[in-house]
Amino acid sequence: MTAKNELCKPGEYKAIDLLAVAAAREVNDGDIVFAGTGLPMLAIMLAQLTNAPNAVCIYEAGSIDGRPIDLPTSVGDARCAYQGSISAGLTESFYGQLTCGYVDLGFLGGAEIDKYGNVNTTVVGDYASPSKRFTGSGGNPDINSYARRTVFIMVQEKRRFKENVDYITSPGWRLKKWPSGEWATRKEVYGKYYQGGPEAVITNMGVFRFDEEGIMYLDTVHPGYTAEQVKDNCSFDLNISRVTGETKPPTYGEIELLYTRVDPEGIFLP
Amino acid sequence: MTAKNELCKPGEYKAIDLLAVAAAREVNDGDIVFAGTGLPMLAIMLAQLTNAPNAVCIYEAGSIDGRPIDLPTSVGDARCAYQGSISAGLTESFYGQLTCGYVDLGFLGGAEIDKYGNVNTTVVGDYASPSKRFTGSGGNPDINSYARRTVFIMVQEKRRFKENVDYITSPGWRLKKWPSGEWATRKEVYGKYYQGGPEAVITNMGVFRFDEEGIMYLDTVHPGYTAEQVKDNCSFDLNISRVTGETKPPTYGEIELLYTRVDPEGIFLP
Amino acid sequence: MGKIQTITLQEAAGLIQDGDMLTFSGFTIWRRPMALVYELVRQGKKDLHLFEVNGGTHTEVLAGAGAIKIWESCWVGHELYGKLGEGVARSQVENTIIVEDYSHAHCVARLLAGAYGLPFMPTPLSMGTDILNPAYDNLKKAGLRDGSNPKIPKQKYLMYEEPFFDKGALVLVPAVNADWALIYASQVGSEGTVRVNAQTYTDPEAIKAAKKVIVIAEEIVPETYLRDDPTKNLAAPYAIDYIVELPWGAHPTGSQGYYDVDADFIRQFYAASKSKEKYDEWAQEWIFGVANHDEYLEKLGVSKLEKLKANTVLGYSTRMKRGSR
Amino acid sequence: MGKIQTITLQEAAGLIQDGDMLTFSGFTIWRRPMALVYELVRQGKKDLHLFEVNGGTHTEVLAGAGAIKIWESCWVGHELYGKLGEGVARSQVENTIIVEDYSHAHCVARLLAGAYGLPFMPTPLSMGTDILNPAYDNLKKAGLRDGSNPKIPKQKYLMYEEPFFDKGALVLVPAVNADWALIYASQVGSEGTVRVNAQTYTDPEAIKAAKKVIVIAEEIVPETYLRDDPTKNLAAPYAIDYIVELPWGAHPTGSQGYYDVDADFIRQFYAASKSKEKYDEWAQEWIFGVANHDEYLEKLGVSKLEKLKANTVLGYSTRMKRGSR
């Protein structure tokens, strides 16, 4: 019999499992987390069962500190509100919770990201005549604007890790000062409204963080990959000089929780 | 036996009864009424039992369309919320109902009034060194700003009907344009936010309305008084040229409702 | 405002004029007034101006039908069951609709301002993003910010520095006051009090901000039942203009306490939404091919509806297969 | 924010420092944290800066004790049971406190801005009144709008013309973020979820806007009971810092579902509040003359408390004589 806190060996877990586990580990106990639809939900629920039992979750559609017993598939899902502390609406979640200042951690996804952590979920190509449109911003930029830390969960592909995103949907560490449009640091743009910003990006290949200049670097590489391979899957010149080692694989206990408690129905985990 | 719709004779009702009845008659059926504490509550409840069965009442503390079975003594009273359509708070009543634009009629009291319908409930004397302080504005000026019509219920005294009030707490028909302080009409001050303004003042001696210039005139005189007597109880030169006659006294039915249904406990009606 | 009228679905859709500005209840694929949206397509409405805090399946039904002229929002898709709003995306790429992008919180702020009778709301969110890029103001580019249309503000937003605390610039976004709020609600009292279960989304704000309000209600219930607990209600009777009683009126979107999202139906619609031809086939089958809502429900069938039905304690379906296990 | 601590009334009052800015739950004579206010007087707090959406009996207890330095609000009195705030009025006339007058809606707007993390809220209400007379800005006259105190905005208000719809000027009022919200709530869950019955007044906004929050709870109840219906709760556990469980903690103000306003008690206090000497006698009897809240309740006596107790269905007392009949 294997101990629950023992680490899985290569081949004993899927890429998505590690994605969820690595993301869950970014949650500090007691964090007030504002989570988006999809993998962020999986990660916060796992965190609550492991390293962050006192973390609470706010869902955009108005569920405050819900305690779902069935995995929600959308932040609007009735499942989010089960045993919630407050059930209200979006005015409460954005104004009454987010800009009110309660949120420690934003847990988000994204289609494309640049080295400053700017995320695009709006269009491919020139906005005036795009070649493709994504879903649009949703609450991604809002949560990312005001959480004290933001973690992105993304798929690692060369075309998704770009030198410049076609459209800055969600704010990273270098932004535009509107209406003039000059580039500025996030602190300059947000001034006294500055709360923090992107802290980590978790992909299927590694964990990325941001340096003092707000530039992304590779922190840990997932087992089975090399730093060079990760760099090859970025369009920008990824800094791999600060890699601290290999990402800790999931434990048997974490995998068990993921498949039996968090997503027993196989909604996100195939 | 007297018919319920027969008018009371002098001596068969008190001054406060007529005040309540005359005020109730200002309510149109279907009006959405925002009512202050005290006699306005009595009047709206009577109106709902007589001429305005479909009038609904909003109370400042957050009761929307309550149907009290016991007379509330304050707009914060739990009695206001009984069988309410919505029970919420002040953000709802001021923003979600009043500036949202639902309110037809503001039903208010006041300590002092001038000929333009400006009401003072703040101080006597110079604001910088007042000789007396009243309660302060409360929601009086807010309700009066945005209701399409406002009715004031007041005690008739020479010192209360003034040429100029010491402090404009609640806005009448001639106001100050701040920060400059120049006098202007209510329409100029409110611009596109203009909704209406003071329509009537009901006292223990008569019913007053406002002319095209926003100046108060006597409309009807309560039985037992003359127009001259009312004029003598005003500090300003009251226009009594437009008096249309005597205020209709209460009916036996109205008095019965007042004492048996509206205020059976004798809270406002001794 | 005024006396509430109980009308039919056909009458309700008939009130909407080509070119009107609409907003909706719900959130992505929850509590959308789908039956009314189908009827708008059936009646061939055109040139609609949509303001939505977020879009969803209903948006795509209208987009596919070519009924939308202006779409102001932040998001459109079908959650897990269709990752893009293909109809809106195609129309934007083909330049057949005007898309005006805001952030989700900006949209909430705009609707809240409209609800509160204010010309704007401030927000410090989503600063520094291309959402605020003046070159990307599509209504301005289309020449529609000249003040001639009172529903289109003269500016998309304004950066404003306040003098109270010198905190620096934040965003002011203009109010939205649509001609119509098309609302799906779970319960409406016999006199018109409105209640929904679980999260309220931006339903109260949509009701308050619109000039006229049509509610498609799952059921009409005794008014006193709703008034026994006024803390749980959304809107007073005088906030509503028209009511249509229509069980399953939100299908295929979900209605907490009544039924869950019909994932398969939305997946199929999503697949169809990827081309004009397939959309038309789909619409032929599910919109034009059924005479009315009753026929639509018959076509769905009892066994499907029973699977979607919510567990009365949990508020969502426990009989529906959701994942791969 | 952070882990909630359950503390005593004495400890709670001990957290408040002279000069701190306070705001309160409740409305005039309903749901005020009276026991805590008494304890503040017992501990001799001074120079308090009060921001109140509206004042009431608790304000007058503090005013009579000379504990208030700045009072920003719109109203003070005891409703039917005492028509003026005599203590505040006397202090203003004698120029021993600084009064800053706003309208009721302005106060709500200021607290809402504070709650929402905004520097200001717009409102079109109470324009043209002397509330906006720049000569009547008492904090400015006292030299306190120089920006040195972050809790005092540099301007009392601003008339602002927006560029979106050209609707003309409306009022912007600055946010309030007090050091402390002193809240009386009917129920607090074992993990900290807060619920009140009936109207919420501005309790949620007061909680959100303050830097730290102390809740005096009528009773602590199982957390799951409150979470069975999250639509009825006011605040999540992380919004609260300290809890004191204290039955009858709002007396003589009323608490819906628990007890009604003690009209006689307030009438007597109101009579006493008309002079410094009488106030001191009253305080000697009811504040300094009782060692703690238990002694205060004993002094009130069972028969009084039983009369005030709310009917459990109606939420207010049906045994109390309210009028002359």
# chains A, B, ... in the order shown; residues from 1 in each chain; ligands from 1
>>> select_by_dssp(residues="segment 45-257 of chain B", states="helix (DSSP H, G or I)", output="MDAnalysis selection string")
chainID B and resid 45:49 78:81 90:99 140:146 186:193 227:232 252:257
>>> residues_around(residues="Ile267 of chain A", least_positions_apart="2", cutoff="10 Å", atoms="only C-alpha atoms", output="PDB file with all heavy atoms, in the first residue's frame")
ATOM      1  N   GLY A  38     -14.041  26.633 -14.782  1.00  0.00           N
ATOM      2  CA  GLY A  38     -13.124  25.648 -15.354  1.00  0.00           C
ATOM      3  C   GLY A  38     -12.112  25.150 -14.349  1.00  0.00           C
ATOM      4  O   GLY A  38     -12.437  24.930 -13.184  1.00  0.00           O
ATOM      5  N   LEU A  42     -11.650  23.612 -10.021  1.00  0.00           N
ATOM      6  CA  LEU A  42     -11.093  22.333  -9.615  1.00  0.00           C
ATOM      7  C   LEU A  42      -9.968  22.574  -8.604  1.00  0.00           C
ATOM      8  O   LEU A  42      -9.888  21.913  -7.565  1.00  0.00           O
ATOM      9  CB  LEU A  42     -10.508  21.688 -10.880  1.00  0.00           C
ATOM     10  CG  LEU A  42     -10.480  20.201 -11.043  1.00  0.00           C
ATOM     11  CD1 LEU A  42     -11.904  19.677 -11.216  1.00  0.00           C
ATOM     12  CD2 LEU A  42      -9.659  19.837 -12.288  1.00  0.00           C
ATOM     13  N   LEU A  71     -19.356  19.426  -8.056  1.00  0.00           N
ATOM     14  CA  LEU A  71     -18.507  20.378  -8.782  1.00  0.00           C
ATOM     15  C   LEU A  71     -19.328  21.269  -9.718  1.00  0.00           C
ATOM     16  O   LEU A  71     -20.025  20.766 -10.601  1.00  0.00           O
ATOM     17  CB  LEU A  71     -17.470  19.585  -9.601  1.00  0.00           C
ATOM     18  CG  LEU A  71     -16.427  20.403 -10.367  1.00  0.00           C
ATOM     19  CD1 LEU A  71     -15.528  21.181  -9.409  1.00  0.00           C
ATOM     20  CD2 LEU A  71     -15.571  19.481 -11.242  1.00  0.00           C
ATOM     21  N   PRO A  72     -19.264  22.581  -9.531  1.00  0.00           N
ATOM     22  CA  PRO A  72     -19.977  23.479 -10.456  1.00  0.00           C
ATOM     23  C   PRO A  72     -19.304  23.472 -11.826  1.00  0.00           C
ATOM     24  O   PRO A  72     -18.097  23.266 -11.916  1.00  0.00           O
ATOM     25  CB  PRO A  72     -19.825  24.861  -9.812  1.00  0.00           C
ATOM     26  CG  PRO A  72     -19.309  24.621  -8.429  1.00  0.00           C
ATOM     27  CD  PRO A  72     -18.569  23.324  -8.471  1.00  0.00           C
ATOM     28  N   THR A  73     -20.097  23.674 -12.864  1.00  0.00           N
ATOM     29  CA  THR A  73     -19.502  23.747 -14.205  1.00  0.00           C
ATOM     30  C   THR A  73     -19.412  25.178 -14.697  1.00  0.00           C
ATOM     31  O   THR A  73     -18.903  25.428 -15.778  1.00  0.00           O
ATOM     32  CB  THR A  73     -20.334  22.959 -15.232  1.00  0.00           C
ATOM     33  OG1 THR A  73     -21.639  23.530 -15.271  1.00  0.00           O
ATOM     34  CG2 THR A  73     -20.426  21.491 -14.847  1.00  0.00           C
ATOM     35  N   VAL A 262     -13.352  15.811  -5.743  1.00  0.00           N
ATOM     36  CA  VAL A 262     -13.497  17.075  -6.487  1.00  0.00           C
ATOM     37  C   VAL A 262     -14.297  16.856  -7.774  1.00  0.00           C
ATOM     38  O   VAL A 262     -15.279  17.560  -8.024  1.00  0.00           O
ATOM     39  CB  VAL A 262     -12.112  17.692  -6.806  1.00  0.00           C
ATOM     40  CG1 VAL A 262     -12.279  18.948  -7.653  1.00  0.00           C
ATOM     41  CG2 VAL A 262     -11.373  18.022  -5.512  1.00  0.00           C
ATOM     42  N   ASP A 263     -13.880  15.882  -8.584  1.00  0.00           N
ATOM     43  CA  ASP A 263     -14.553  15.677  -9.876  1.00  0.00           C
ATOM     44  C   ASP A 263     -14.889  14.206 -10.106  1.00  0.00           C
ATOM     45  O   ASP A 263     -14.443  13.607 -11.095  1.00  0.00           O
ATOM     46  CB  ASP A 263     -13.677  16.229 -11.012  1.00  0.00           C
ATOM     47  CG  ASP A 263     -14.405  16.235 -12.361  1.00  0.00           C
ATOM     48  OD1 ASP A 263     -15.653  16.069 -12.361  1.00  0.00           O
ATOM     49  OD2 ASP A 263     -13.747  16.395 -13.400  1.00  0.00           O
ATOM     50  N   PRO A 264     -15.679  13.629  -9.221  1.00  0.00           N
ATOM     51  CA  PRO A 264     -15.998  12.208  -9.379  1.00  0.00           C
ATOM     52  C   PRO A 264     -16.803  11.932 -10.652  1.00  0.00           C
ATOM     53  O   PRO A 264     -16.773  10.819 -11.160  1.00  0.00           O
ATOM     54  CB  PRO A 264     -16.823  11.891  -8.127  1.00  0.00           C
ATOM     55  CG  PRO A 264     -17.346  13.200  -7.648  1.00  0.00           C
ATOM     56  CD  PRO A 264     -16.311  14.208  -8.028  1.00  0.00           C
ATOM     57  N   GLU A 265     -17.491  12.947 -11.158  1.00  0.00           N
ATOM     58  CA  GLU A 265     -18.316  12.739 -12.357  1.00  0.00           C
ATOM     59  C   GLU A 265     -17.505  12.787 -13.656  1.00  0.00           C
ATOM     60  O   GLU A 265     -18.034  12.507 -14.724  1.00  0.00           O
ATOM     61  CB  GLU A 265     -19.435  13.779 -12.408  1.00  0.00           C
ATOM     62  CG  GLU A 265     -20.440  13.652 -11.264  1.00  0.00           C
ATOM     63  CD  GLU A 265     -21.421  14.825 -11.241  1.00  0.00           C
ATOM     64  OE1 GLU A 265     -22.363  14.828 -12.048  1.00  0.00           O
ATOM     65  OE2 GLU A 265     -21.216  15.745 -10.420  1.00  0.00           O
ATOM     66  N   LEU A 269     -11.910  16.206 -15.540  1.00  0.00           N
ATOM     67  CA  LEU A 269     -10.878  15.173 -15.564  1.00  0.00           C
ATOM     68  C   LEU A 269     -11.417  13.962 -16.310  1.00  0.00           C
ATOM     69  O   LEU A 269     -12.351  13.324 -15.835  1.00  0.00           O
ATOM     70  CB  LEU A 269     -10.515  14.775 -14.132  1.00  0.00           C
ATOM     71  CG  LEU A 269      -9.992  15.894 -13.231  1.00  0.00           C
ATOM     72  CD1 LEU A 269      -9.794  15.387 -11.819  1.00  0.00           C
ATOM     73  CD2 LEU A 269      -8.707  16.489 -13.780  1.00  0.00           C
ATOM     74  N   PRO A 270     -10.864  13.657 -17.448  1.00  0.00           N
ATOM     75  CA  PRO A 270     -11.454  12.602 -18.279  1.00  0.00           C
ATOM     76  C   PRO A 270     -11.300  11.215 -17.636  1.00  0.00           C
ATOM     77  O   PRO A 270     -10.506  11.003 -16.765  1.00  0.00           O
ATOM     78  CB  PRO A 270     -10.657  12.694 -19.574  1.00  0.00           C
ATOM     79  CG  PRO A 270      -9.402  13.431 -19.253  1.00  0.00           C
ATOM     80  CD  PRO A 270      -9.670  14.272 -18.044  1.00  0.00           C
TER      81      PRO A 270
ATOM     82  N   LEU C  80     -19.068  25.415 -20.568  1.00  0.00           N
ATOM     83  CA  LEU C  80     -18.420  24.145 -20.947  1.00  0.00           C
ATOM     84  C   LEU C  80     -18.963  23.543 -22.240  1.00  0.00           C
ATOM     85  O   LEU C  80     -18.365  22.642 -22.797  1.00  0.00           O
ATOM     86  CB  LEU C  80     -18.648  23.106 -19.850  1.00  0.00           C
ATOM     87  CG  LEU C  80     -17.754  23.129 -18.627  1.00  0.00           C
ATOM     88  CD1 LEU C  80     -17.985  21.870 -17.819  1.00  0.00           C
ATOM     89  CD2 LEU C  80     -16.288  23.254 -19.015  1.00  0.00           C
ATOM     90  N   LYS C 321     -26.558  13.061 -16.504  1.00  0.00           N
ATOM     91  CA  LYS C 321     -25.132  12.696 -16.573  1.00  0.00           C
ATOM     92  C   LYS C 321     -24.363  13.944 -16.990  1.00  0.00           C
ATOM     93  O   LYS C 321     -24.637  14.546 -18.021  1.00  0.00           O
ATOM     94  CB  LYS C 321     -24.929  11.589 -17.585  1.00  0.00           C
ATOM     95  CG  LYS C 321     -23.484  11.070 -17.669  1.00  0.00           C
ATOM     96  CD  LYS C 321     -23.430   9.773 -18.470  1.00  0.00           C
ATOM     97  CE  LYS C 321     -22.014   9.460 -18.972  1.00  0.00           C
ATOM     98  NZ  LYS C 321     -21.021   9.268 -17.903  1.00  0.00           N
ATOM     99  N   ARG C 322     -23.387  14.349 -16.169  1.00  0.00           N
ATOM    100  CA  ARG C 322     -22.674  15.585 -16.470  1.00  0.00           C
ATOM    101  C   ARG C 322     -21.295  15.346 -17.074  1.00  0.00           C
ATOM    102  O   ARG C 322     -20.822  16.148 -17.864  1.00  0.00           O
ATOM    103  CB  ARG C 322     -22.532  16.434 -15.214  1.00  0.00           C
ATOM    104  CG  ARG C 322     -23.868  16.907 -14.653  1.00  0.00           C
ATOM    105  CD  ARG C 322     -23.678  18.104 -13.732  1.00  0.00           C
ATOM    106  NE  ARG C 322     -22.802  17.802 -12.607  1.00  0.00           N
ATOM    107  CZ  ARG C 322     -22.028  18.700 -11.995  1.00  0.00           C
ATOM    108  NH1 ARG C 322     -22.018  19.964 -12.420  1.00  0.00           N
ATOM    109  NH2 ARG C 322     -21.287  18.361 -10.971  1.00  0.00           N
ATOM    110  N   GLY C 323     -20.615  14.312 -16.672  1.00  0.00           N
ATOM    111  CA  GLY C 323     -19.237  14.133 -17.134  1.00  0.00           C
ATOM    112  C   GLY C 323     -19.042  12.802 -17.814  1.00  0.00           C
ATOM    113  O   GLY C 323     -19.999  12.188 -18.301  1.00  0.00           O
ATOM    114  N   SER C 324     -17.781  12.356 -17.830  1.00  0.00           N
ATOM    115  CA  SER C 324     -17.449  11.142 -18.559  1.00  0.00           C
ATOM    116  C   SER C 324     -17.589   9.898 -17.680  1.00  0.00           C
ATOM    117  O   SER C 324     -17.470   8.791 -18.170  1.00  0.00           O
ATOM    118  CB  SER C 324     -16.006  11.238 -19.064  1.00  0.00           C
ATOM    119  OG  SER C 324     -15.131  11.380 -17.946  1.00  0.00           O
ATOM    120  N   ARG C 325     -17.803  10.093 -16.366  1.00  0.00           N
ATOM    121  CA  ARG C 325     -17.910   8.930 -15.484  1.00  0.00           C
ATOM    122  C   ARG C 325     -19.326   8.781 -14.943  1.00  0.00           C
ATOM    123  O   ARG C 325     -20.063   9.738 -14.832  1.00  0.00           O
ATOM    124  CB  ARG C 325     -16.934   9.067 -14.302  1.00  0.00           C
ATOM    125  CG  ARG C 325     -15.517   8.695 -14.696  1.00  0.00           C
ATOM    126  CD  ARG C 325     -14.595   8.630 -13.498  1.00  0.00           C
ATOM    127  NE  ARG C 325     -14.353   9.924 -12.873  1.00  0.00           N
ATOM    128  CZ  ARG C 325     -13.437  10.819 -13.257  1.00  0.00           C
ATOM    129  NH1 ARG C 325     -12.651  10.535 -14.271  1.00  0.00           N
ATOM    130  NH2 ARG C 325     -13.284  11.950 -12.650  1.00  0.00           N
TER     131      ARG C 325
END
>>> interface_residues(of="chain C", to="chain B", cutoff="7 Å", atoms="only C-alpha atoms", output="PyMOL selection string")
chain C and resi 115-117+193+208+224+227-228+230-231+233+235-236
>>> closest_residue(among="C:Glu298, C:Asp203, C:Glu281, C:Asp146", to="chain D", atoms="only C-alpha atoms")
C:Asp146
>>> residues_around(residues="segment 240-247 of chain C", least_positions_apart="4", cutoff="7 Å", atoms="only C-alpha atoms", output="list of chain:residue names")
C:Met1, C:Gly2, C:Lys3, C:Ile4, C:Gln5, C:Thr6, C:Ile7, C:Thr8, C:Leu9, C:Gly192, C:Lys212, C:Val213, C:Ile214, C:Val215, C:Ile216, C:Ala217, C:Glu218, C:Glu219, C:Ile220
>>> select_by_dssp(residues="segment 112-319 of chain C", states="strand (DSSP E or B)", output="NGL selection string")
:C and (120-123 or 158-161 or 169-174 or 180-189 or 194-195 or 201 or 212-221 or 235 or 242-245 or 254-255 or 259 or 309)
>>> interface_residues(of="chain C", to="chain D", cutoff="6 Å", atoms="only C-alpha atoms", output="VMD selection string")
chain C and resid 153 to 155 164 to 165
>>> closest_residue(among="A:Trp173, A:Tyr252, A:Phe34, A:Phe161", to="Ser235 of chain A", atoms="only C-alpha atoms")
A:Phe161
>>> residues_around(residues="segment 81-86 of chain D", least_positions_apart="6", cutoff="9 Å", atoms="only C-alpha atoms", output="list in words")
Arg133, Phe134 and Thr135 of chain B; Gly55, Gly56, Thr57, Thr59, Glu60, Ala63, Gly64, Trp75, Ala263, Asp264, Ile266, Arg267, Gln268, Phe269, Tyr270, Ala271, Ser273, Lys274 and Ser275 of chain D
>>> residues_around(residues="Ala65 of chain D", least_positions_apart="2", cutoff="9 Å", atoms="only C-alpha atoms", output="list in words")
Val41, Gly44, Lys46, Glu60, Val61, Leu62, Ala63, Ala67, Ile68, Gly87, Lys276, Tyr279, Asp280 and Ala283 of chain D
>>> atom_distance(atom1="atom CA of Ile131 of chain D", atom2="atom CA of Arg110 of chain C")
28.6 Å
>>> residues_around(residues="Met41 of chain B", least_positions_apart="3", cutoff="9 Å", atoms="only C-alpha atoms", output="list in words")
Ala35, Gly36, Thr37, Gly38, Ile44, Met45, Leu46, Cys57, Leu71, Pro72, Thr73, Ser74, Val75 and Phe107 of chain B
>>> residues_around(residues="segment 98-104 of chain D", least_positions_apart="5", cutoff="9 Å", atoms="only C-alpha atoms", output="NGL selection string")
(:B and (94 or 122 or 136-142 or 169)) or (:D and (53-54 or 68-75 or 88 or 91-92 or 109 or 125-126 or 131-132 or 136-139 or 142 or 156))
>>> write_last_selection(atoms="C-alpha atoms", output="compact mmCIF listing (two decimals), in the first residue's frame")
# COMPACT_ATOMS: atom_id res chain seq x y z
CA PHE B 94 -32.75 55.79 -2.17
CA THR B 122 -31.89 71.85 10.58
CA GLY B 136 -31.46 67.60 10.75
CA SER B 137 -32.54 66.72 7.26
CA GLY B 138 -33.07 62.99 7.40
CA GLY B 139 -34.35 61.88 4.00
CA ASN B 140 -36.74 64.83 3.66
CA PRO B 141 -34.73 66.70 0.99
CA ASP B 142 -33.89 63.52 -0.87
CA THR B 169 -32.98 71.77 4.32
CA VAL D 53 -26.06 57.47 8.08
CA ASN D 54 -28.44 58.60 10.80
CA ILE D 68 -17.81 63.12 20.36
CA LYS D 69 -15.49 65.54 18.60
CA ILE D 70 -16.83 65.33 15.04
CA TRP D 71 -20.32 64.23 14.01
CA GLU D 72 -21.00 63.75 10.31
CA SER D 73 -24.57 62.75 9.62
CA CYS D 74 -28.02 63.99 8.67
CA TRP D 75 -30.34 63.36 11.59
CA VAL D 88 -25.81 66.94 19.76
CA SER D 91 -22.97 70.68 21.67
CA GLN D 92 -23.45 72.35 18.29
CA ALA D 109 -23.90 57.43 -0.93
CA LEU D 125 -30.51 64.35 -4.60
CA SER D 126 -30.81 67.39 -2.34
CA ILE D 131 -26.52 71.24 2.79
CA LEU D 132 -24.35 72.14 -0.20
CA TYR D 136 -21.53 75.78 5.82
CA ASP D 137 -18.68 73.30 5.48
CA ASN D 138 -17.73 73.01 9.13
CA LEU D 139 -14.80 70.64 8.71
CA ALA D 142 -12.08 73.98 11.31
CA LYS D 156 -17.22 68.10 1.27
>>> decode(residues="segment 118-131 of chain B", atoms="N, CA, C and O atoms", output="PDB file, in the first residue's frame")
ATOM      1  N   ASN B 118     -39.618  75.913   0.472  1.00  0.00           N
ATOM      2  CA  ASN B 118     -38.366  75.467   1.081  1.00  0.00           C
ATOM      3  C   ASN B 118     -38.621  75.141   2.547  1.00  0.00           C
ATOM      4  O   ASN B 118     -39.252  75.937   3.264  1.00  0.00           O
ATOM      5  N   VAL B 119     -38.127  74.022   2.995  1.00  0.00           N
ATOM      6  CA  VAL B 119     -38.397  73.562   4.353  1.00  0.00           C
ATOM      7  C   VAL B 119     -37.102  73.520   5.157  1.00  0.00           C
ATOM      8  O   VAL B 119     -36.052  73.167   4.629  1.00  0.00           O
ATOM      9  N   ASN B 120     -37.204  73.907   6.402  1.00  0.00           N
ATOM     10  CA  ASN B 120     -36.064  73.864   7.313  1.00  0.00           C
ATOM     11  C   ASN B 120     -36.327  72.871   8.437  1.00  0.00           C
ATOM     12  O   ASN B 120     -37.326  72.989   9.146  1.00  0.00           O
ATOM     13  N   THR B 121     -35.455  71.896   8.551  1.00  0.00           N
ATOM     14  CA  THR B 121     -35.505  70.992   9.710  1.00  0.00           C
ATOM     15  C   THR B 121     -34.117  70.896  10.334  1.00  0.00           C
ATOM     16  O   THR B 121     -33.792  69.911  10.976  1.00  0.00           O
ATOM     17  N   THR B 122     -33.286  71.932  10.126  1.00  0.00           N
ATOM     18  CA  THR B 122     -31.890  71.851  10.581  1.00  0.00           C
ATOM     19  C   THR B 122     -31.568  72.764  11.766  1.00  0.00           C
ATOM     20  O   THR B 122     -31.272  72.267  12.845  1.00  0.00           O
ATOM     21  N   VAL B 123     -31.614  74.078  11.546  1.00  0.00           N
ATOM     22  CA  VAL B 123     -31.263  74.995  12.651  1.00  0.00           C
ATOM     23  C   VAL B 123     -32.171  76.225  12.668  1.00  0.00           C
ATOM     24  O   VAL B 123     -32.740  76.611  11.653  1.00  0.00           O
ATOM     25  N   VAL B 124     -32.251  76.872  13.823  1.00  0.00           N
ATOM     26  CA  VAL B 124     -32.821  78.207  13.949  1.00  0.00           C
ATOM     27  C   VAL B 124     -31.657  79.172  14.098  1.00  0.00           C
ATOM     28  O   VAL B 124     -30.725  78.904  14.871  1.00  0.00           O
ATOM     29  N   GLY B 125     -31.687  80.273  13.333  1.00  0.00           N
ATOM     30  CA  GLY B 125     -30.617  81.262  13.412  1.00  0.00           C
ATOM     31  C   GLY B 125     -29.549  80.985  12.375  1.00  0.00           C
ATOM     32  O   GLY B 125     -29.734  80.187  11.456  1.00  0.00           O
ATOM     33  N   ASP B 126     -28.440  81.671  12.533  1.00  0.00           N
ATOM     34  CA  ASP B 126     -27.318  81.542  11.611  1.00  0.00           C
ATOM     35  C   ASP B 126     -26.699  80.155  11.794  1.00  0.00           C
ATOM     36  O   ASP B 126     -26.396  79.744  12.909  1.00  0.00           O
ATOM     37  N   TYR B 127     -26.472  79.453  10.703  1.00  0.00           N
ATOM     38  CA  TYR B 127     -25.947  78.089  10.792  1.00  0.00           C
ATOM     39  C   TYR B 127     -24.604  78.043  11.530  1.00  0.00           C
ATOM     40  O   TYR B 127     -24.305  77.080  12.234  1.00  0.00           O
ATOM     41  N   ALA B 128     -23.819  79.122  11.384  1.00  0.00           N
ATOM     42  CA  ALA B 128     -22.499  79.140  12.023  1.00  0.00           C
ATOM     43  C   ALA B 128     -22.598  79.224  13.545  1.00  0.00           C
ATOM     44  O   ALA B 128     -21.734  78.730  14.265  1.00  0.00           O
ATOM     45  N   SER B 129     -23.651  79.834  14.031  1.00  0.00           N
ATOM     46  CA  SER B 129     -23.841  79.901  15.491  1.00  0.00           C
ATOM     47  C   SER B 129     -25.335  79.871  15.771  1.00  0.00           C
ATOM     48  O   SER B 129     -25.938  80.866  16.130  1.00  0.00           O
ATOM     49  N   PRO B 130     -25.919  78.712  15.589  1.00  0.00           N
ATOM     50  CA  PRO B 130     -27.371  78.591  15.687  1.00  0.00           C
ATOM     51  C   PRO B 130     -27.869  78.751  17.125  1.00  0.00           C
ATOM     52  O   PRO B 130     -27.142  78.454  18.072  1.00  0.00           O
ATOM     53  N   SER B 131     -29.101  79.216  17.250  1.00  0.00           N
ATOM     54  CA  SER B 131     -29.689  79.306  18.589  1.00  0.00           C
ATOM     55  C   SER B 131     -30.372  77.998  18.967  1.00  0.00           C
ATOM     56  O   SER B 131     -30.600  77.736  20.136  1.00  0.00           O
TER      57      SER B 131
END
